[in-house]
Amino acid sequence: MTPTEPSSVRFNSIRVLVPGTGTRFRCGGLRVALQTARLLSTLRPTQVVTYRERSDEHPFLDDLLRAESAPSDALWIVSWGFDVPRSLERLRGRPVVYQAHSSGYRFDLPPGVPVVAVSRNTLGYWADRAPRNPLFLVPNALEPHWVERGLRPSSVAGSTRSERSIDVLVQRRKSSPYVLNQLVPALQAQGLRVEVQSGWVDDLVALFNHSKVYLYDSAEYWRGRGVSEGFGLPPLEALACGCVVFSSFNHALADMLTPGATAHQIGQGTLANDQARIVAAVANPDAWLPDAVTLDGLLSEVAERRWCERWSHVLTQLEDLQVHGASGVSTAAALRSPSTRRLRWRQRWDRLQSRVANRLPGWLPSP
């Protein structure tokens, strides 16, 4: 087959692999995985498949592997952090993609396994660690209700600042000890109404719509766990609701947030500096918000429609890779990159060889 000929491979279905969908697995990762399955179902028949917890609603991995021989016409998507190496081993010989959220798990990918990164931060991580694996970028999507119901200045509904009864909103999970133990008390001492949300909220959009300033400081949370912020949807959700965002810019947060433009750095130098800026933002939020054109452009890039467009292109390229034997766990044709240890020894040898050649012209030993 020549490069100009049409692809003869098509994935007839897609399977999104998760450990389970019960309460003990509820987190941002599961929410994104379920959203991935929902959106991909608009492009191809798609199922959620579980592998730890059985469910009446979804097929179980063991059952499918027993019933179907490899390879198949289904594309598998794995994403669950530390479980990825084991999942790839179990799916050996089948079309599979790693949807990479956080980085820093310290495992290596088999040659040929494609990576669909949800942020440039994660894309850069795998472009360094697995430079010969097929790499793609599809940023996470903001669920439509945030855009449709969010009361930002450019929204049709609009909002007056007097309707926002919460001066500062903080979500306890992922917040740094600095925010919770120093900044929040300092802001309360200034007379600001600070809401620290920790339990279940039936309507998060309403909570954000009633807040003037949103604080998000996840750098220490993720550094303590040794992995990265995979995407950072909460600041985008806050912006969609017209909140002024003070955030850290670690990992994938730097993909979408620009200091001083779309968001403002939290923990900038001193507590007094943070206090002064946040008090000023509460007093005059419009002066601290991004302009409407910038904000609308940012939100359009994370719209579900844009996500589907990107994934549609990725699926076409993945099918082309299958045609050319360039995708899959067990493919023998996949390009490989030398290990870091081998690369370092090669470079040391080259330096030594160069020094000897400079001192003894005409002598050039073989490695």
# chains A, B, ... in the order shown; residues from 1 in each chain; ligands from 1
>>> select_by_dssp(residues="range 22-225 of chain A", states="strand (DSSP E or B)", output="PyMOL selection string")
chain A and resi 46-50+60+74-78+96-100+115-117+135-137+166-171+194-197+211-216
>>> closest_atom_pairs(of="range 180-225 of chain A", to="range 94-102 of chain A", cutoff="12 Å", atoms="only C-alpha atoms", output="JSON lines")
{"residue": "A:Trp222", "atom": "CA", "partner": "A:Ser102", "partner_atom": "CA", "distance": 9.6}
{"residue": "A:Arg223", "atom": "CA", "partner": "A:Ser102", "partner_atom": "CA", "distance": 11.8}
{"residue": "A:Arg225", "atom": "CA", "partner": "A:Ser102", "partner_atom": "CA", "distance": 11.1}
>>> write_last_selection(atoms="N, CA and C atoms", output="PDB file, in the first residue's frame")
ATOM      1  N   TRP A 222       0.337  18.179  44.314  1.00  0.00           N
ATOM      2  CA  TRP A 222       0.859  17.242  43.312  1.00  0.00           C
ATOM      3  C   TRP A 222       2.337  16.949  43.522  1.00  0.00           C
ATOM      4  N   ARG A 223       3.095  17.938  43.985  1.00  0.00           N
ATOM      5  CA  ARG A 223       4.522  17.679  44.232  1.00  0.00           C
ATOM      6  C   ARG A 223       4.688  16.647  45.337  1.00  0.00           C
ATOM      7  N   ARG A 225       2.759  14.195  45.895  1.00  0.00           N
ATOM      8  CA  ARG A 225       2.382  12.882  45.376  1.00  0.00           C
ATOM      9  C   ARG A 225       3.300  12.395  44.271  1.00  0.00           C
TER      10      ARG A 225
END
>>> select_by_dssp(residues="range 147-298 of chain A", states="helix (DSSP H, G or I)", output="ChimeraX atom specification")
/A:147-149,161-163,177-189,204-209,219-225,233-240,253-256,271-283,285-287,292-298
>>> closest_atom_pairs(of="range 176-265 of chain A", to="range 279-292 of chain A", cutoff="6 Å", atoms="only C-alpha atoms", output="tab-separated table")
residue	atom	partner	partner_atom	distance
A:Val244	CA	A:Leu289	CA	5.5
A:Ala261	CA	A:Pro290	CA	5.8
A:Thr262	CA	A:Pro290	CA	5.0
>>> closest_residue(among="A:Leu39, A:Cys243, A:Leu271, A:Ala254", to="Arg306 in chain A", atoms="only C-alpha atoms")
A:Leu39
>>> residues_around(residues="range 189-195 of chain A", least_positions_apart="6", cutoff="6 Å", atoms="only C-alpha atoms", output="number ranges by chain")
A: 166-169
>>> closest_atom_pairs(of="range 194-309 of chain A", to="range 77-85 of chain A", cutoff="12 Å", atoms="only C-alpha atoms", output="Markdown table")
| residue | atom | partner | partner_atom | distance |
| --- | --- | --- | --- | --- |
| A:Val227 | CA | A:Gly81 | CA | 9.5 |
| A:Ser228 | CA | A:Gly81 | CA | 11.0 |
| A:Gly230 | CA | A:Gly81 | CA | 10.6 |
>>> closest_residue(among="A:Ser119, A:Arg152, A:Ser103, A:Leu318", to="His210 in chain A", atoms="only C-alpha atoms")
A:Arg152
>>> atom_distance(atom1="CA of Leu257 in chain A", atom2="CA of Tyr125 in chain A")
19.0 Å
>>> atom_distance(atom1="CA of Trp307 in chain A", atom2="CA of Ala141 in chain A")
6.2 Å
>>> closest_residue(among="A:Arg10, A:Arg92, A:Arg86, A:Arg52", to="Asp73 in chain A", atoms="only C-alpha atoms")
A:Arg10
>>> atom_distance(atom1="CA of Leu295 in chain A", atom2="CA of Phe246 in chain A")
15.2 Å
>>> closest_residue(among="A:Pro45, A:Pro71, A:Pro19, A:Pro185", to="Gln275 in chain A", atoms="only C-alpha atoms")
A:Pro185
>>> closest_residue(among="A:Leu135, A:Leu61, A:Val147, A:Leu253", to="Leu321 in chain A", atoms="only C-alpha atoms")
A:Leu135
>>> closest_residue(among="A:Ala252, A:Ala240, A:Leu142, A:Val323", to="Arg120 in chain A", atoms="only C-alpha atoms")
A:Ala252
>>> decode(residues="range 104-239 of chain A", atoms="C-alpha atoms", output="PDB file, in the first residue's frame")
ATOM      1  CA  GLY A 104       5.487  11.341  36.573  1.00  0.00           C
ATOM      2  CA  TYR A 105       4.296   7.761  37.115  1.00  0.00           C
ATOM      3  CA  ARG A 106       7.784   6.562  36.090  1.00  0.00           C
ATOM      4  CA  PHE A 107       6.705   3.658  33.916  1.00  0.00           C
ATOM      5  CA  ASP A 108       7.841   3.200  30.327  1.00  0.00           C
ATOM      6  CA  LEU A 109       5.550   2.492  27.408  1.00  0.00           C
ATOM      7  CA  PRO A 110       6.059  -0.434  25.028  1.00  0.00           C
ATOM      8  CA  PRO A 111       7.169   0.626  21.517  1.00  0.00           C
ATOM      9  CA  GLY A 112       4.311   1.505  19.214  1.00  0.00           C
ATOM     10  CA  VAL A 113       1.712   2.378  21.852  1.00  0.00           C
ATOM     11  CA  PRO A 114       0.181   5.740  20.845  1.00  0.00           C
ATOM     12  CA  VAL A 115      -0.166   8.498  23.429  1.00  0.00           C
ATOM     13  CA  VAL A 116      -3.052  10.970  23.369  1.00  0.00           C
ATOM     14  CA  ALA A 117      -1.967  13.646  25.854  1.00  0.00           C
ATOM     15  CA  VAL A 118      -4.553  15.930  27.449  1.00  0.00           C
ATOM     16  CA  SER A 119      -2.053  18.774  27.945  1.00  0.00           C
ATOM     17  CA  ARG A 120       1.149  20.069  26.396  1.00  0.00           C
ATOM     18  CA  ASN A 121       2.853  19.451  29.717  1.00  0.00           C
ATOM     19  CA  THR A 122       2.060  15.735  29.486  1.00  0.00           C
ATOM     20  CA  LEU A 123       2.813  15.702  25.755  1.00  0.00           C
ATOM     21  CA  GLY A 124       6.291  17.068  26.475  1.00  0.00           C
ATOM     22  CA  TYR A 125       6.840  14.440  29.165  1.00  0.00           C
ATOM     23  CA  TRP A 126       6.125  11.554  26.786  1.00  0.00           C
ATOM     24  CA  ALA A 127       7.894  13.220  23.872  1.00  0.00           C
ATOM     25  CA  ASP A 128      11.007  12.992  26.056  1.00  0.00           C
ATOM     26  CA  ARG A 129      10.356   9.579  27.583  1.00  0.00           C
ATOM     27  CA  ALA A 130       8.931   7.819  24.505  1.00  0.00           C
ATOM     28  CA  PRO A 131       9.936   9.957  21.482  1.00  0.00           C
ATOM     29  CA  ARG A 132       9.307   7.185  18.926  1.00  0.00           C
ATOM     30  CA  ASN A 133       5.782   6.363  20.085  1.00  0.00           C
ATOM     31  CA  PRO A 134       2.991   8.062  18.097  1.00  0.00           C
ATOM     32  CA  LEU A 135       2.028  11.241  19.963  1.00  0.00           C
ATOM     33  CA  PHE A 136      -1.173  13.277  19.814  1.00  0.00           C
ATOM     34  CA  LEU A 137      -2.701  16.193  21.742  1.00  0.00           C
ATOM     35  CA  VAL A 138      -6.388  16.450  22.659  1.00  0.00           C
ATOM     36  CA  PRO A 139      -6.953  18.808  25.619  1.00  0.00           C
ATOM     37  CA  ASN A 140      -9.747  17.941  28.018  1.00  0.00           C
ATOM     38  CA  ALA A 141     -13.136  19.513  27.392  1.00  0.00           C
ATOM     39  CA  LEU A 142     -15.206  21.684  29.692  1.00  0.00           C
ATOM     40  CA  GLU A 143     -18.651  20.199  30.199  1.00  0.00           C
ATOM     41  CA  PRO A 144     -21.310  22.329  28.450  1.00  0.00           C
ATOM     42  CA  HIS A 145     -23.244  23.344  31.574  1.00  0.00           C
ATOM     43  CA  TRP A 146     -20.294  25.460  32.721  1.00  0.00           C
ATOM     44  CA  VAL A 147     -20.359  27.496  29.518  1.00  0.00           C
ATOM     45  CA  GLU A 148     -24.145  27.567  29.160  1.00  0.00           C
ATOM     46  CA  ARG A 149     -24.936  28.548  32.757  1.00  0.00           C
ATOM     47  CA  GLY A 150     -21.790  30.416  33.739  1.00  0.00           C
ATOM     48  CA  LEU A 151     -22.449  34.093  34.521  1.00  0.00           C
ATOM     49  CA  ARG A 152     -19.359  35.682  32.995  1.00  0.00           C
ATOM     50  CA  PRO A 153     -19.560  39.249  31.603  1.00  0.00           C
ATOM     51  CA  SER A 154     -19.766  38.022  27.990  1.00  0.00           C
ATOM     52  CA  SER A 155     -22.558  35.513  28.645  1.00  0.00           C
ATOM     53  CA  VAL A 156     -26.048  36.224  27.416  1.00  0.00           C
ATOM     54  CA  ALA A 157     -27.455  36.110  30.929  1.00  0.00           C
ATOM     55  CA  GLY A 158     -24.820  38.416  32.359  1.00  0.00           C
ATOM     56  CA  SER A 159     -24.587  39.091  36.071  1.00  0.00           C
ATOM     57  CA  THR A 160     -24.268  41.938  38.460  1.00  0.00           C
ATOM     58  CA  ARG A 161     -21.560  41.791  41.095  1.00  0.00           C
ATOM     59  CA  SER A 162     -24.083  42.496  43.829  1.00  0.00           C
ATOM     60  CA  GLU A 163     -25.536  39.018  43.204  1.00  0.00           C
ATOM     61  CA  ARG A 164     -22.257  37.417  44.210  1.00  0.00           C
ATOM     62  CA  SER A 165     -22.535  36.905  47.936  1.00  0.00           C
ATOM     63  CA  ILE A 166     -19.247  34.977  48.329  1.00  0.00           C
ATOM     64  CA  ASP A 167     -16.138  37.138  48.175  1.00  0.00           C
ATOM     65  CA  VAL A 168     -13.619  34.292  47.945  1.00  0.00           C
ATOM     66  CA  LEU A 169     -14.226  30.625  47.128  1.00  0.00           C
ATOM     67  CA  VAL A 170     -11.733  27.878  48.036  1.00  0.00           C
ATOM     68  CA  GLN A 171     -12.121  24.130  47.472  1.00  0.00           C
ATOM     69  CA  ARG A 172     -10.390  22.301  50.291  1.00  0.00           C
ATOM     70  CA  ARG A 173      -9.204  19.336  48.222  1.00  0.00           C
ATOM     71  CA  LYS A 174      -5.785  20.005  46.657  1.00  0.00           C
ATOM     72  CA  SER A 175      -5.487  23.378  48.415  1.00  0.00           C
ATOM     73  CA  SER A 176      -2.115  24.046  50.026  1.00  0.00           C
ATOM     74  CA  PRO A 177      -1.645  24.464  53.789  1.00  0.00           C
ATOM     75  CA  TYR A 178      -0.611  28.035  52.994  1.00  0.00           C
ATOM     76  CA  VAL A 179      -4.027  28.836  51.513  1.00  0.00           C
ATOM     77  CA  LEU A 180      -6.039  27.062  54.197  1.00  0.00           C
ATOM     78  CA  ASN A 181      -4.009  27.996  57.272  1.00  0.00           C
ATOM     79  CA  GLN A 182      -2.598  31.418  56.433  1.00  0.00           C
ATOM     80  CA  LEU A 183      -4.296  33.095  53.497  1.00  0.00           C
ATOM     81  CA  VAL A 184      -7.908  32.224  54.324  1.00  0.00           C
ATOM     82  CA  PRO A 185      -7.682  33.490  57.962  1.00  0.00           C
ATOM     83  CA  ALA A 186      -5.893  36.630  56.758  1.00  0.00           C
ATOM     84  CA  LEU A 187      -8.641  37.368  54.220  1.00  0.00           C
ATOM     85  CA  GLN A 188     -11.350  36.736  56.818  1.00  0.00           C
ATOM     86  CA  ALA A 189      -9.567  39.155  59.120  1.00  0.00           C
ATOM     87  CA  GLN A 190      -9.934  41.745  56.341  1.00  0.00           C
ATOM     88  CA  GLY A 191     -13.694  41.299  56.574  1.00  0.00           C
ATOM     89  CA  LEU A 192     -14.106  39.179  53.442  1.00  0.00           C
ATOM     90  CA  ARG A 193     -16.623  36.360  53.273  1.00  0.00           C
ATOM     91  CA  VAL A 194     -14.554  33.260  52.418  1.00  0.00           C
ATOM     92  CA  GLU A 195     -16.275  29.966  51.566  1.00  0.00           C
ATOM     93  CA  VAL A 196     -14.163  26.811  51.977  1.00  0.00           C
ATOM     94  CA  GLN A 197     -16.050  24.071  50.132  1.00  0.00           C
ATOM     95  CA  SER A 198     -15.223  20.553  51.276  1.00  0.00           C
ATOM     96  CA  GLY A 199     -18.337  18.387  51.003  1.00  0.00           C
ATOM     97  CA  TRP A 200     -20.675  17.417  48.211  1.00  0.00           C
ATOM     98  CA  VAL A 201     -22.349  20.287  46.356  1.00  0.00           C
ATOM     99  CA  ASP A 202     -25.451  19.614  44.271  1.00  0.00           C
ATOM    100  CA  ASP A 203     -24.869  22.579  41.964  1.00  0.00           C
ATOM    101  CA  LEU A 204     -21.267  23.661  41.579  1.00  0.00           C
ATOM    102  CA  VAL A 205     -22.114  26.086  38.781  1.00  0.00           C
ATOM    103  CA  ALA A 206     -24.409  28.016  41.118  1.00  0.00           C
ATOM    104  CA  LEU A 207     -21.687  28.075  43.783  1.00  0.00           C
ATOM    105  CA  PHE A 208     -19.152  29.510  41.328  1.00  0.00           C
ATOM    106  CA  ASN A 209     -21.713  31.965  39.937  1.00  0.00           C
ATOM    107  CA  HIS A 210     -22.132  33.389  43.455  1.00  0.00           C
ATOM    108  CA  SER A 211     -18.367  33.868  43.971  1.00  0.00           C
ATOM    109  CA  LYS A 212     -16.223  36.840  43.032  1.00  0.00           C
ATOM    110  CA  VAL A 213     -12.727  35.333  43.451  1.00  0.00           C
ATOM    111  CA  TYR A 214     -11.626  31.700  43.188  1.00  0.00           C
ATOM    112  CA  LEU A 215      -8.376  30.387  44.710  1.00  0.00           C
ATOM    113  CA  TYR A 216      -6.657  27.269  43.315  1.00  0.00           C
ATOM    114  CA  ASP A 217      -3.225  26.281  44.627  1.00  0.00           C
ATOM    115  CA  SER A 218      -2.417  22.666  43.694  1.00  0.00           C
ATOM    116  CA  ALA A 219       1.395  22.796  43.247  1.00  0.00           C
ATOM    117  CA  GLU A 220       2.253  21.377  46.675  1.00  0.00           C
ATOM    118  CA  TYR A 221      -0.518  18.767  46.509  1.00  0.00           C
ATOM    119  CA  TRP A 222       0.859  17.242  43.312  1.00  0.00           C
ATOM    120  CA  ARG A 223       4.522  17.679  44.232  1.00  0.00           C
ATOM    121  CA  GLY A 224       3.875  15.705  47.407  1.00  0.00           C
ATOM    122  CA  ARG A 225       2.382  12.882  45.376  1.00  0.00           C
ATOM    123  CA  GLY A 226       5.158  12.828  42.806  1.00  0.00           C
ATOM    124  CA  VAL A 227       2.864  13.246  39.790  1.00  0.00           C
ATOM    125  CA  SER A 228       1.604  16.248  37.878  1.00  0.00           C
ATOM    126  CA  GLU A 229      -1.576  18.263  37.552  1.00  0.00           C
ATOM    127  CA  GLY A 230      -3.111  16.494  34.567  1.00  0.00           C
ATOM    128  CA  PHE A 231      -5.133  19.375  33.174  1.00  0.00           C
ATOM    129  CA  GLY A 232      -6.652  21.621  35.833  1.00  0.00           C
ATOM    130  CA  LEU A 233     -10.318  22.088  34.978  1.00  0.00           C
ATOM    131  CA  PRO A 234     -11.401  23.984  38.160  1.00  0.00           C
ATOM    132  CA  PRO A 235      -9.795  27.319  37.169  1.00  0.00           C
ATOM    133  CA  LEU A 236     -11.449  27.097  33.745  1.00  0.00           C
ATOM    134  CA  GLU A 237     -14.784  26.313  35.388  1.00  0.00           C
ATOM    135  CA  ALA A 238     -14.331  29.378  37.587  1.00  0.00           C
ATOM    136  CA  LEU A 239     -13.480  31.589  34.606  1.00  0.00           C
TER     137      LEU A 239
END
